[in-house]
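Chemist: CSV, C-alpha atoms, file entry-v2.csv:
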chain,number,residue,atom,x,y,z
A,107,MET,CA,-45.3,53.6,118.3
A,108,LYS,CA,-45.5,50.8,120.7
A,109,LYS,CA,-46.7,47.6,119.1
A,110,LEU,CA,-49.1,45.1,120.8
A,111,LEU,CA,-46.3,42.5,120.6
A,112,ALA,CA,-44.0,44.7,122.6
A,113,PHE,CA,-46.6,45.3,125.2
A,114,ILE,CA,-47.3,41.6,125.6
A,115,MET,CA,-43.5,40.9,125.9
A,116,ALA,CA,-43.3,43.7,128.5
A,117,VAL,CA,-46.0,42.1,130.6
A,118,VAL,CA,-44.5,38.6,130.4
A,119,MET,CA,-41.0,40.0,131.3
A,120,LEU,CA,-42.4,42.0,134.2
A,121,VAL,CA,-44.1,38.9,135.6
A,122,ALA,CA,-40.9,36.9,135.4
A,123,LEU,CA,-38.9,39.6,137.0
A,124,VAL,CA,-41.4,40.0,139.9
A,125,ALA,CA,-40.9,36.3,140.4
A,126,CYS,CA,-37.1,36.3,140.4
A,127,GLY,CA,-35.8,39.7,141.2
A,128,VAL,CA,-34.6,40.7,144.7
A,129,ASP,CA,-36.9,43.2,146.2
A,130,GLY,CA,-36.5,45.2,149.4
A,131,GLY,CA,-39.9,44.0,150.6
A,132,GLY,CA,-39.2,40.3,149.9
A,133,GLN,CA,-38.0,37.7,152.3
A,134,LEU,CA,-34.7,36.1,151.6
A,135,GLN,CA,-33.1,33.1,153.4
A,136,LYS,CA,-29.3,33.1,153.2
A,137,PRO,CA,-27.8,29.7,152.4
A,138,SER,CA,-26.3,28.1,155.5
A,139,ASP,CA,-24.2,25.8,153.3
A,140,VAL,CA,-23.2,25.4,149.7
A,141,SER,CA,-21.4,22.3,148.5
A,142,SER,CA,-20.4,20.0,145.7
A,143,GLY,CA,-19.9,16.3,145.5
A,144,ASP,CA,-21.3,13.6,147.8
A,145,GLU,CA,-20.4,15.2,151.2
A,146,THR,CA,-21.7,18.4,152.6
A,147,THR,CA,-18.8,20.9,152.6
A,148,LYS,CA,-18.3,24.6,152.8
A,149,ALA,CA,-17.6,26.2,149.4
A,150,THR,CA,-14.0,27.1,148.8
A,151,VAL,CA,-12.2,29.6,146.6
A,152,GLY,CA,-9.0,29.1,144.6
A,153,GLY,CA,-9.1,25.3,144.4
A,154,GLU,CA,-8.1,24.7,148.1
A,155,ASP,CA,-9.3,21.5,149.7
A,156,PRO,CA,-12.5,22.1,151.6
A,157,GLN,CA,-12.9,21.2,155.2
A,158,THR,CA,-15.8,18.8,155.6
A,159,GLN,CA,-18.2,20.4,158.1
A,160,PRO,CA,-21.8,19.0,158.2
A,161,GLN,CA,-24.2,21.5,159.7
A,162,GLU,CA,-27.5,21.2,161.4
A,163,THR,CA,-29.2,24.6,161.0
A,164,GLU,CA,-32.7,25.9,161.2
A,165,PRO,CA,-33.9,27.9,158.2
A,166,GLN,CA,-33.6,31.6,158.9
A,167,GLU,CA,-35.2,34.4,157.1
A,168,THR,CA,-33.3,37.6,156.6
A,169,GLU,CA,-33.5,40.8,154.6
A,170,PRO,CA,-32.4,40.4,151.0
A,171,GLN,CA,-28.7,40.8,150.3
A,172,GLN,CA,-28.4,43.5,147.6
A,173,THR,CA,-25.7,45.6,146.1
A,174,GLN,CA,-25.5,48.9,148.1
A,175,PRO,CA,-26.7,51.4,145.5
A,176,GLN,CA,-24.7,54.5,144.9
A,177,GLN,CA,-26.3,57.9,145.4
A,178,ASP,CA,-28.6,58.7,142.6
A,179,GLN,CA,-27.1,60.8,139.8
A,180,GLU,CA,-29.1,62.3,137.0
A,181,ALA,CA,-27.7,60.8,133.8
A,182,THR,CA,-28.3,62.2,130.3
A,183,VAL,CA,-27.5,60.9,126.8
A,184,ALA,CA,-26.4,63.3,124.0
A,185,GLU,CA,-28.0,62.8,120.6
A,186,THR,CA,-25.8,60.3,118.9
A,187,VAL,CA,-26.0,58.3,115.6
A,188,LEU,CA,-25.7,54.6,116.6
A,189,LEU,CA,-26.1,53.0,113.2
A,190,ASP,CA,-26.0,54.2,109.7
A,191,GLU,CA,-25.6,51.5,107.0
A,192,LYS,CA,-27.6,49.4,104.5
A,193,GLY,CA,-30.3,52.1,104.4
A,194,ILE,CA,-30.8,52.0,108.2
A,195,LYS,CA,-30.2,54.9,110.5
A,196,ILE,CA,-30.7,54.8,114.2
A,197,THR,CA,-30.2,57.8,116.4
A,198,ALA,CA,-30.2,57.9,120.2
A,199,LYS,CA,-32.3,60.9,121.2
A,200,GLY,CA,-32.0,60.9,125.0
A,201,LEU,CA,-32.7,59.1,128.2
A,202,LYS,CA,-36.0,59.5,130.1
A,203,ASP,CA,-37.9,57.8,132.8
A,204,ASP,CA,-41.0,55.7,131.9
A,205,ILE,CA,-43.5,56.1,134.7
A,206,ILE,CA,-44.7,52.5,134.3
A,207,PHE,CA,-41.7,50.4,133.7
A,208,GLY,CA,-38.4,52.3,134.1
A,209,PRO,CA,-35.8,54.3,132.2
A,210,GLU,CA,-36.1,54.4,128.4
A,211,LEU,CA,-33.4,55.2,125.8
A,212,LYS,CA,-35.3,57.1,123.2
A,213,LEU,CA,-34.5,56.2,119.6
A,214,LEU,CA,-35.3,57.5,116.1
A,215,ILE,CA,-35.3,54.7,113.6
A,216,GLU,CA,-35.2,55.5,109.8
A,217,ASN,CA,-35.7,52.6,107.3
A,218,ASP,CA,-34.7,53.1,103.7
A,219,SER,CA,-33.5,49.6,103.3
A,220,GLY,CA,-36.0,48.4,100.7
A,221,GLU,CA,-37.5,46.0,103.3
A,222,ASP,CA,-40.1,46.1,106.0
A,223,LEU,CA,-38.1,45.5,109.2
A,224,THR,CA,-38.4,44.7,112.9
A,225,PHE,CA,-35.8,46.1,115.3
A,226,GLN,CA,-34.9,44.4,118.6
A,227,VAL,CA,-31.8,44.3,120.9
A,228,ARG,CA,-29.5,41.5,122.1
A,229,ASP,CA,-26.7,41.1,124.7
A,230,CYS,CA,-27.6,44.2,126.6
A,231,SER,CA,-25.9,45.3,129.8
A,232,ILE,CA,-26.1,48.4,132.0
A,233,ASN,CA,-23.1,49.3,134.2
A,234,GLY,CA,-21.7,45.8,133.5
A,235,TYR,CA,-24.8,43.9,134.6
A,236,MET,CA,-26.8,41.9,132.1
A,237,VAL,CA,-30.4,43.1,131.6
A,238,ASP,CA,-33.3,42.3,129.3
A,239,PRO,CA,-34.7,45.5,127.8
A,240,MET,CA,-38.1,45.8,126.2
A,241,MET,CA,-37.9,46.7,122.5
A,242,SER,CA,-39.6,45.4,119.4
A,243,VAL,CA,-40.3,48.0,116.7
A,244,ASP,CA,-41.7,47.4,113.2
A,245,VAL,CA,-40.8,50.0,110.6
A,246,VAL,CA,-42.1,49.8,107.0
A,247,ASP,CA,-39.7,50.6,104.2
A,248,GLY,CA,-39.4,54.3,103.6
A,249,LYS,CA,-40.8,55.2,107.0
A,250,LYS,CA,-39.5,56.4,110.4
A,251,ALA,CA,-40.4,55.6,114.0
A,252,ASN,CA,-39.8,57.3,117.3
A,253,ASP,CA,-39.6,54.5,119.8
A,254,GLY,CA,-37.2,53.3,122.6
A,255,MET,CA,-35.5,50.7,124.6
A,256,THR,CA,-37.1,50.3,128.0
A,257,PHE,CA,-35.3,48.9,131.1
A,258,LEU,CA,-37.4,47.5,133.9
A,259,GLU,CA,-36.9,49.3,137.2
A,260,SER,CA,-37.2,46.1,139.2
A,261,GLU,CA,-34.4,44.5,137.2
A,262,LEU,CA,-32.1,47.5,137.8
A,263,GLU,CA,-32.9,47.4,141.5
A,264,ALA,CA,-32.0,43.7,141.8
A,265,CYS,CA,-28.5,44.7,140.5
A,266,GLY,CA,-28.3,47.7,142.8
A,267,ILE,CA,-28.4,50.1,139.8
A,268,THR,CA,-29.9,53.5,140.6
A,269,SER,CA,-27.9,55.6,138.0
A,270,ILE,CA,-27.1,54.5,134.4
A,271,ALA,CA,-23.4,55.2,133.5
A,272,ASP,CA,-23.2,53.1,130.3
A,273,ILE,CA,-25.3,50.9,128.1
A,274,GLU,CA,-24.0,48.1,125.8
A,275,PHE,CA,-26.0,46.1,123.3
A,276,ARG,CA,-26.4,44.8,119.7
A,277,PHE,CA,-29.3,45.5,117.4
A,278,HIS,CA,-30.9,42.4,115.9
A,279,ILE,CA,-32.8,43.4,112.8
A,280,PHE,CA,-34.9,41.0,110.7
A,281,THR,CA,-37.6,41.2,108.0
A,282,THR,CA,-41.1,41.6,109.5
A,283,GLU,CA,-42.9,39.3,107.2
A,284,ASP,CA,-40.7,36.2,107.1
A,285,TRP,CA,-38.4,36.8,110.0
A,286,GLU,CA,-35.3,36.5,107.9
A,287,ASP,CA,-32.1,38.0,109.4
A,288,PHE,CA,-31.3,41.4,107.9
A,289,MET,CA,-28.5,42.6,110.2
A,290,ASP,CA,-26.9,41.8,113.6
A,291,THR,CA,-24.6,44.7,114.6
A,292,GLU,CA,-21.4,44.7,116.5
A,293,VAL,CA,-21.6,45.8,120.2
A,294,ILE,CA,-22.7,49.4,120.6
A,295,GLN,CA,-21.7,51.3,123.7
A,296,ILE,CA,-23.4,54.5,125.0
A,297,LYS,CA,-21.8,56.4,127.8
A,298,THR,CA,-24.0,58.8,129.7
A,299,SER,CA,-23.0,62.1,131.3
A,300,ILE,CA,-22.0,60.4,134.6
A,301,ALA,CA,-19.8,57.7,133.1
A,302,GLU,CA,-16.5,59.3,133.8
A,303,THR,CA,-17.2,59.8,137.6
A,304,TYR,CA,-19.3,56.6,138.2
A,305,GLU,CA,-17.8,54.1,140.6
A,306,TYR,CA,-18.4,50.5,139.2
A,307,THR,CA,-19.0,48.0,142.0
A,308,TYR,CA,-20.3,44.4,141.9
A,309,ASP,CA,-21.7,42.6,144.9
A,310,ASP,CA,-20.4,39.1,144.9
A,311,SER,CA,-21.2,38.4,148.6
A,312,GLY,CA,-22.7,35.0,149.4
A,313,ASP,CA,-21.6,31.4,149.1
A,314,VAL,CA,-19.5,30.4,146.1
A,315,ALA,CA,-21.2,27.5,144.4
A,316,TYR,CA,-18.8,27.3,141.4
A,317,GLU,CA,-15.6,29.0,140.5
A,318,LYS,CA,-13.4,27.9,137.6
A,319,ASP,CA,-11.7,29.3,134.5
A,320,GLY,CA,-13.0,32.8,135.1
A,321,VAL,CA,-16.6,31.8,135.8
A,322,LYS,CA,-18.0,32.3,139.2
A,323,VAL,CA,-21.5,31.5,140.5
A,324,VAL,CA,-22.5,32.8,144.0
A,325,VAL,CA,-25.6,31.7,145.9
A,326,LYS,CA,-27.0,34.8,147.6
A,327,GLY,CA,-30.1,33.4,149.2
A,328,LEU,CA,-33.7,32.1,148.8
A,329,ASP,CA,-36.3,34.7,147.7
A,330,THR,CA,-39.5,33.6,149.3
A,331,LYS,CA,-41.6,36.6,148.3
A,332,ASP,CA,-45.0,35.6,147.0
A,333,SER,CA,-45.3,35.8,143.2
A,334,ILE,CA,-47.2,34.3,140.3
A,335,LEU,CA,-44.5,31.8,139.5
A,336,GLY,CA,-42.9,30.9,142.8
A,337,PRO,CA,-39.9,31.3,145.1
A,338,GLY,CA,-36.4,31.3,143.7
A,339,ILE,CA,-32.7,31.0,144.6
A,340,VAL,CA,-31.0,34.3,143.9
A,341,VAL,CA,-27.6,33.9,142.2
A,342,TYR,CA,-24.8,36.2,141.2
A,343,ILE,CA,-22.7,35.2,138.1
A,344,GLU,CA,-19.4,36.7,136.9
A,345,ASN,CA,-17.9,35.9,133.6
A,346,GLN,CA,-14.2,36.6,132.9
A,347,SER,CA,-13.7,33.4,130.8
A,348,GLY,CA,-13.0,35.1,127.5
A,349,GLN,CA,-16.2,33.8,125.9
A,350,ASP,CA,-19.9,34.4,126.1
A,351,ILE,CA,-21.6,31.8,128.3
A,352,THR,CA,-25.0,30.5,129.2
A,353,VAL,CA,-25.6,29.0,132.7
A,354,GLN,CA,-28.4,26.5,133.3
A,355,THR,CA,-29.3,23.9,135.9
A,356,ARG,CA,-29.7,20.2,135.8
A,357,ASP,CA,-31.0,17.4,138.1
A,358,VAL,CA,-32.7,19.8,140.5
A,359,SER,CA,-34.4,18.5,143.7
A,360,VAL,CA,-36.0,20.4,146.6
A,361,ASN,CA,-36.3,18.6,150.0
A,362,GLY,CA,-35.5,15.4,148.2
A,363,PHE,CA,-38.2,15.7,145.5
A,364,MET,CA,-37.2,16.2,141.8
A,365,VAL,CA,-38.5,19.4,140.4
A,366,ASP,CA,-38.2,21.5,137.2
A,367,ALA,CA,-36.4,24.7,137.9
A,368,MET,CA,-36.7,27.7,135.6
A,369,PHE,CA,-33.2,29.1,134.9
A,370,SER,CA,-31.1,30.1,131.9
A,371,SER,CA,-28.8,33.0,132.2
A,372,ASP,CA,-26.7,34.5,129.4
A,373,VAL,CA,-23.6,36.4,130.5
A,374,ILE,CA,-21.4,38.1,128.0
A,375,ASP,CA,-17.6,37.9,128.5
A,376,GLY,CA,-16.5,40.5,131.1
A,377,LYS,CA,-20.1,41.0,132.4
A,378,HIS,CA,-22.0,40.2,135.6
A,379,ALA,CA,-25.6,39.0,136.2
A,380,VAL,CA,-28.1,38.7,139.1
A,381,ASP,CA,-30.6,36.0,138.3
A,382,SER,CA,-33.0,33.6,140.0
A,383,ILE,CA,-33.4,29.8,139.9
A,384,THR,CA,-37.2,29.8,140.1
A,385,PHE,CA,-39.4,26.9,141.3
A,386,LEU,CA,-43.1,26.8,140.3
A,387,SER,CA,-45.4,27.1,143.3
A,388,SER,CA,-47.8,24.6,141.8
A,389,GLU,CA,-45.0,21.9,141.6
A,390,LEU,CA,-44.0,22.5,145.2
A,391,GLU,CA,-47.6,22.1,146.3
A,392,GLU,CA,-47.9,18.8,144.4
A,393,ASN,CA,-45.0,17.5,146.4
A,394,GLU,CA,-46.4,19.0,149.6
A,395,ILE,CA,-43.4,21.3,150.0
A,396,LYS,CA,-44.3,24.2,152.2
A,397,THR,CA,-40.8,25.3,153.2
A,398,ILE,CA,-37.7,24.9,151.1
A,399,SER,CA,-34.9,23.6,153.4
A,400,ASP,CA,-32.4,22.0,151.1
A,401,VAL,CA,-31.8,22.0,147.3
A,402,GLU,CA,-29.5,19.9,145.2
A,403,LEU,CA,-28.6,20.7,141.6
A,404,SER,CA,-25.8,20.9,139.1
A,405,PHE,CA,-24.8,23.7,136.7
A,406,HIS,CA,-24.6,23.2,133.0
A,407,ILE,CA,-22.3,25.8,131.4
A,408,PHE,CA,-21.9,26.2,127.7
A,409,ASP,CA,-20.7,28.6,125.0
A,410,SER,CA,-23.7,30.8,124.0
A,411,GLU,CA,-22.8,30.9,120.3
A,412,SER,CA,-21.5,27.4,119.6
A,413,TRP,CA,-23.5,25.6,122.4
A,414,ASP,CA,-20.3,23.6,123.1
A,415,THR,CA,-20.2,22.4,126.7
A,416,ILE,CA,-17.8,24.3,129.0
A,417,ASP,CA,-18.5,22.4,132.2
A,418,ASP,CA,-21.1,20.2,133.9
A,419,THR,CA,-20.5,20.6,137.6
A,420,GLU,CA,-20.7,18.1,140.4
A,421,VAL,CA,-23.8,18.2,142.6
A,422,VAL,CA,-24.2,21.4,144.5
A,423,LYS,CA,-26.0,21.2,147.9
A,424,ILE,CA,-27.6,24.2,149.4
A,425,THR,CA,-29.2,24.3,152.8
A,426,PHE,CA,-31.5,27.0,154.2
Just give me the structure as C-alpha cells.

Modeler:
Amino acid sequence: MKKLLAFIMAVVMLVALVACGVDGGGQLQKPSDVSSGDETTKATVGGEDPQTQPQETEPQETEPQQTQPQQDQEATVAETVLLDEKGIKITAKGLKDDIIFGPELKLLIENDSGEDLTFQVRDCSINGYMVDPMMSVDVVDGKKANDGMTFLESELEACGITSIADIEFRFHIFTTEDWEDFMDTEVIQIKTSIAETYEYTYDDSGDVAYEKDGVKVVVKGLDTKDSILGPGIVVYIENQSGQDITVQTRDVSVNGFMVDAMFSSDVIDGKHAVDSITFLSSELEENEIKTISDVELSFHIFDSESWDTIDDTEVVKITF
C-alpha cells in the first residue's frame, strides 16, 4: 500500500532529478578549465605542481558525457529474508519494473513489534553508485504490508546503470506516531542473478576539481537542459577515504555574481556518485545571467556521521 506521503516524496524527488540528472536529450557544456587558488590553472592529479595556463575559450555545447552503459541483462532477485529481529520480518520477494518510475524491489513487511512503525531506507547504492530510492511504508502492529523500494530510472541512467547487479542499503525504522527511532540496521546487500558476471565500471572522465586522501571530485560539464529548478554542473564523486562523507559547496558565484547553489551529496566509503550543483533559474534571471560562462566555488567536505570537517578546499574556478 503506497501512502500519500510516499507519493509526494516521489514527485519531489523526480522533479529534483529532472533538474540535476544527465539526460541524453539535454545539452551539456564541458568545462574548458578547472582550477583552485587565485590563478587559473589546469587541474592536476597526484599532487604535481600545475602549469599555469590561462585560457580564452568560447562556451561550447556538447552531448552529455555519460558512463557507457553495458548491454541490458535481465536481473532477478530470489526470495530472501533480509531482517528478522525485534518482532520485525522483512522479506525480499523479487525485482520488477515500475512503469512510471523505474525498477522496484518488492518487499513483504511483517510487524509484530508491539509498535506502529514506519519503514524507510538509508545509504542506498546500486552497482556501487549512490541512489535515493522511494520508500516510506507505515505498518500497524500485528499487520503486514506488501510494498517496495523504487529506484528512479532517470537516476540510474545518469550513472549509466541499465542492469542491477547488487543493491546495498540500511533500513531506518521509527515509530509512526512520535517518530522515535526503533531500529537502524547494519548494511544489507542483495546480489541479483547477474552479479557474478557483471563488469563494474565507473566513468571518472572530466576535469579533476579535487583529489586528496581518497576523495575525488570530477567536473563533467554544465547541464543546460530546461527544468523546473535550473541548470547545474554535473559532478562525479569517488570516496575511498575510509569514512562516509558529505560534499557540499560554499561561496558560489556565477559570472561574478554570488548565488545560492543547491548541492549536498552523501557518499558512503567505497562508493561513487553522480550529482549536480544546481542553480535556480529565478536567481540567475535576477542577476541577468542568460549564459553561464564561469563559476567559482569551494567544496566543504565533512564526516557524514560526526559532521567533523574533513577539508575546506581552495577556490575552484570552472570556465565553460

Chemist: In Å, with one decimal, what is the gap from atom CA of Phe426 of chain A to atom CA of Val353 of chain A?

Modeler: 22.4 Å

Chemist: Calculated over all atoms listed in the file, which of the candidates A:Val360, A:Ile267, A:Val237, A:Leu188 has the smallest distance to Asp400 of chain A?

Modeler: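 Between A:Val360, A:Ile267, A:Val237, A:Leu188, the residue approaching Asp400 of chain A most closely is A:Val360.
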
Chemist: Counting only C-alpha atoms, which residue out of A:Ser347, A:Ser242, A:Thr384, A:Thr256 sits closest to Ile205 of chain A?

Modeler: A:Thr256

Chemist: With only C-alpha atoms as the basis for distance, which of A:Ile300, A:Val380, A:Met364, A:Ala181 is at the shortest distance from Val401 of chain A?

Modeler: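 Closest residue, counting only C-alpha atoms: A:Met364.
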
Chemist: Closest to Ala315 of chain A among A:Glu221, A:Asp381, A:Glu420, A:Glu259, using all atoms listed in the file?

Modeler: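 Distance minimum relative to Ala315 of chain A lands on A:Glu420.
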
Chemist: Using atom CA of Trp413 of chain A and atom CA of Ile374 of chain A as the two end points, give the distance in Å to one decimal.

Modeler: 13.9 Å

Chemist: Considering only C-alpha atoms, state which residue in the set A:Ser370, A:Thr298, A:Thr415, A:Thr425 is at the smallest distance from Glu402 of chain A.

Modeler: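 Checking each of A:Ser370, A:Thr298, A:Thr415, A:Thr425 against Glu402 of chain A, counting only C-alpha atoms, the winner is A:Thr425.
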
Chemist: At what distance in Å, to one decimal, does atom CA of Leu386 of chain A lie from atom CA of Asp238 of chain A?

Modeler: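 Computed distance, atom CA of Asp238 of chain A to atom CA of Leu386 of chain A, equals 21.4 Å.
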
Chemist: Kindly indicate which residue among A:Phe288, A:Tyr306, A:Tyr235, A:Phe280 lies nearest to Asp372 of chain A, using only C-alpha atoms for the distances.

Modeler: A:Tyr235

Chemist: Residues near Leu214 of chain A, anyone? I mean within 12 Å using only C-alpha atoms, not counting same-chain ones fewer than 3 positions away, as a list in words.

Modeler: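 The filter keeps Met107, Glu185, Thr186, Val187, Leu188, Leu189, Asp190, Ile194, Lys195, Ile196, Thr197, Ala198, Lys199, Gly200, Leu211, Asn217, Phe225, Val243, Val245, Lys249, Lys250, Ala251, Asn252, Asp253, Gly254 and Met255 of chain A.
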
Chemist: Which neighbours of Val324 of chain A fall inside 10 Å, counting only C-alpha atoms, when residues of the same chain fewer than 6 positions from it are skipped, and could you give them as a list in words?

Modeler: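 Once the nearby chain positions are removed, what remains is Val140, Ala149, Asp309, Asp310, Ser311, Gly312, Asp313, Val314, Ala315, Tyr316, Glu317, Val340, Val341, Tyr342, Ile343, Glu344 and Val380 of chain A.
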
Chemist: Can you list, as a list of chain:residue names, every protein, DNA or RNA residue that comes within 12 Å of Phe369 of chain A when you count only C-alpha atoms, leaving out same-chain residues fewer than 6 positions away?

Modeler: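 Contacts, in chain order: A:Ala122, A:Ala125, A:Cys126, A:Gly338, A:Ile339, A:Val340, A:Val341, A:Thr352, A:Val353, A:Gln354, A:Thr355, A:Arg356, A:Val358, A:Val380, A:Asp381, A:Ser382, A:Ile383, A:Thr384, A:Phe385, A:Leu386, A:Leu403, A:Ser404, A:Phe405, A:His406, A:Ile407.
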
Chemist: Because some atoms of segment 200-224 of chain A are absent here, can you restore N, CA and C atoms and send them as a PDB file, in the frame of the given file?

Modeler:
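File written: part_24.pdb
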ATOM      1  N   GLY A 200     -32.037  60.501 123.555  1.00  0.00           N
ATOM      2  CA  GLY A 200     -32.000  60.900 125.000  1.00  0.00           C
ATOM      3  C   GLY A 200     -32.411  59.793 125.875  1.00  0.00           C
ATOM      4  N   LEU A 201     -32.300  60.050 127.169  1.00  0.00           N
ATOM      5  CA  LEU A 201     -32.700  59.100 128.200  1.00  0.00           C
ATOM      6  C   LEU A 201     -33.756  59.713 129.067  1.00  0.00           C
ATOM      7  N   LYS A 202     -34.866  58.997 129.253  1.00  0.00           N
ATOM      8  CA  LYS A 202     -36.000  59.500 130.100  1.00  0.00           C
ATOM      9  C   LYS A 202     -36.547  58.405 130.910  1.00  0.00           C
ATOM     10  N   ASP A 203     -37.307  58.763 131.928  1.00  0.00           N
ATOM     11  CA  ASP A 203     -37.900  57.800 132.800  1.00  0.00           C
ATOM     12  C   ASP A 203     -39.339  57.469 132.297  1.00  0.00           C
ATOM     13  N   ASP A 204     -39.639  56.180 132.178  1.00  0.00           N
ATOM     14  CA  ASP A 204     -41.000  55.700 131.900  1.00  0.00           C
ATOM     15  C   ASP A 204     -41.689  55.505 133.208  1.00  0.00           C
ATOM     16  N   ILE A 205     -42.818  56.142 133.404  1.00  0.00           N
ATOM     17  CA  ILE A 205     -43.500  56.100 134.700  1.00  0.00           C
ATOM     18  C   ILE A 205     -44.045  54.724 135.030  1.00  0.00           C
ATOM     19  N   ILE A 206     -44.183  53.849 134.042  1.00  0.00           N
ATOM     20  CA  ILE A 206     -44.700  52.500 134.300  1.00  0.00           C
ATOM     21  C   ILE A 206     -43.664  51.494 134.509  1.00  0.00           C
ATOM     22  N   PHE A 207     -42.670  51.430 133.622  1.00  0.00           N
ATOM     23  CA  PHE A 207     -41.700  50.400 133.700  1.00  0.00           C
ATOM     24  C   PHE A 207     -40.330  50.775 134.201  1.00  0.00           C
ATOM     25  N   GLY A 208     -39.760  51.860 133.697  1.00  0.00           N
ATOM     26  CA  GLY A 208     -38.400  52.300 134.100  1.00  0.00           C
ATOM     27  C   GLY A 208     -37.785  53.164 133.075  1.00  0.00           C
ATOM     28  N   PRO A 209     -36.467  53.371 133.163  1.00  0.00           N
ATOM     29  CA  PRO A 209     -35.800  54.300 132.200  1.00  0.00           C
ATOM     30  C   PRO A 209     -35.930  53.807 130.779  1.00  0.00           C
ATOM     31  N   GLU A 210     -35.946  54.770 129.856  1.00  0.00           N
ATOM     32  CA  GLU A 210     -36.100  54.400 128.400  1.00  0.00           C
ATOM     33  C   GLU A 210     -35.067  55.240 127.620  1.00  0.00           C
ATOM     34  N   LEU A 211     -34.338  54.517 126.775  1.00  0.00           N
ATOM     35  CA  LEU A 211     -33.400  55.200 125.800  1.00  0.00           C
ATOM     36  C   LEU A 211     -34.261  55.459 124.570  1.00  0.00           C
ATOM     37  N   LYS A 212     -34.486  56.738 124.299  1.00  0.00           N
ATOM     38  CA  LYS A 212     -35.300  57.100 123.200  1.00  0.00           C
ATOM     39  C   LYS A 212     -34.515  57.003 121.863  1.00  0.00           C
ATOM     40  N   LEU A 213     -35.157  56.430 120.836  1.00  0.00           N
ATOM     41  CA  LEU A 213     -34.500  56.200 119.600  1.00  0.00           C
ATOM     42  C   LEU A 213     -35.350  56.688 118.395  1.00  0.00           C
ATOM     43  N   LEU A 214     -34.664  57.233 117.403  1.00  0.00           N
ATOM     44  CA  LEU A 214     -35.300  57.500 116.100  1.00  0.00           C
ATOM     45  C   LEU A 214     -34.758  56.524 115.116  1.00  0.00           C
ATOM     46  N   ILE A 215     -35.670  55.737 114.527  1.00  0.00           N
ATOM     47  CA  ILE A 215     -35.300  54.700 113.600  1.00  0.00           C
ATOM     48  C   ILE A 215     -35.787  55.097 112.189  1.00  0.00           C
ATOM     49  N   GLU A 216     -34.877  55.140 111.211  1.00  0.00           N
ATOM     50  CA  GLU A 216     -35.200  55.500 109.800  1.00  0.00           C
ATOM     51  C   GLU A 216     -34.879  54.291 108.931  1.00  0.00           C
ATOM     52  N   ASN A 217     -35.871  53.850 108.168  1.00  0.00           N
ATOM     53  CA  ASN A 217     -35.700  52.600 107.300  1.00  0.00           C
ATOM     54  C   ASN A 217     -35.860  52.978 105.859  1.00  0.00           C
ATOM     55  N   ASP A 218     -34.729  52.986 105.155  1.00  0.00           N
ATOM     56  CA  ASP A 218     -34.700  53.100 103.700  1.00  0.00           C
ATOM     57  C   ASP A 218     -33.966  51.950 103.079  1.00  0.00           C
ATOM     58  N   SER A 219     -34.204  50.780 103.646  1.00  0.00           N
ATOM     59  CA  SER A 219     -33.500  49.600 103.300  1.00  0.00           C
ATOM     60  C   SER A 219     -34.063  48.853 102.061  1.00  0.00           C
ATOM     61  N   GLY A 220     -35.326  49.165 101.733  1.00  0.00           N
ATOM     62  CA  GLY A 220     -36.000  48.400 100.700  1.00  0.00           C
ATOM     63  C   GLY A 220     -36.818  47.235 101.288  1.00  0.00           C
ATOM     64  N   GLU A 221     -36.764  47.044 102.625  1.00  0.00           N
ATOM     65  CA  GLU A 221     -37.500  46.000 103.300  1.00  0.00           C
ATOM     66  C   GLU A 221     -38.254  46.511 104.492  1.00  0.00           C
ATOM     67  N   ASP A 222     -39.404  45.874 104.767  1.00  0.00           N
ATOM     68  CA  ASP A 222     -40.100  46.100 106.000  1.00  0.00           C
ATOM     69  C   ASP A 222     -39.365  45.391 107.126  1.00  0.00           C
ATOM     70  N   LEU A 223     -38.954  46.104 108.180  1.00  0.00           N
ATOM     71  CA  LEU A 223     -38.100  45.500 109.200  1.00  0.00           C
ATOM     72  C   LEU A 223     -38.578  45.611 110.592  1.00  0.00           C
ATOM     73  N   THR A 224     -38.110  44.677 111.423  1.00  0.00           N
ATOM     74  CA  THR A 224     -38.400  44.700 112.900  1.00  0.00           C
ATOM     75  C   THR A 224     -37.038  44.866 113.579  1.00  0.00           C
TER      76      THR A 224
END
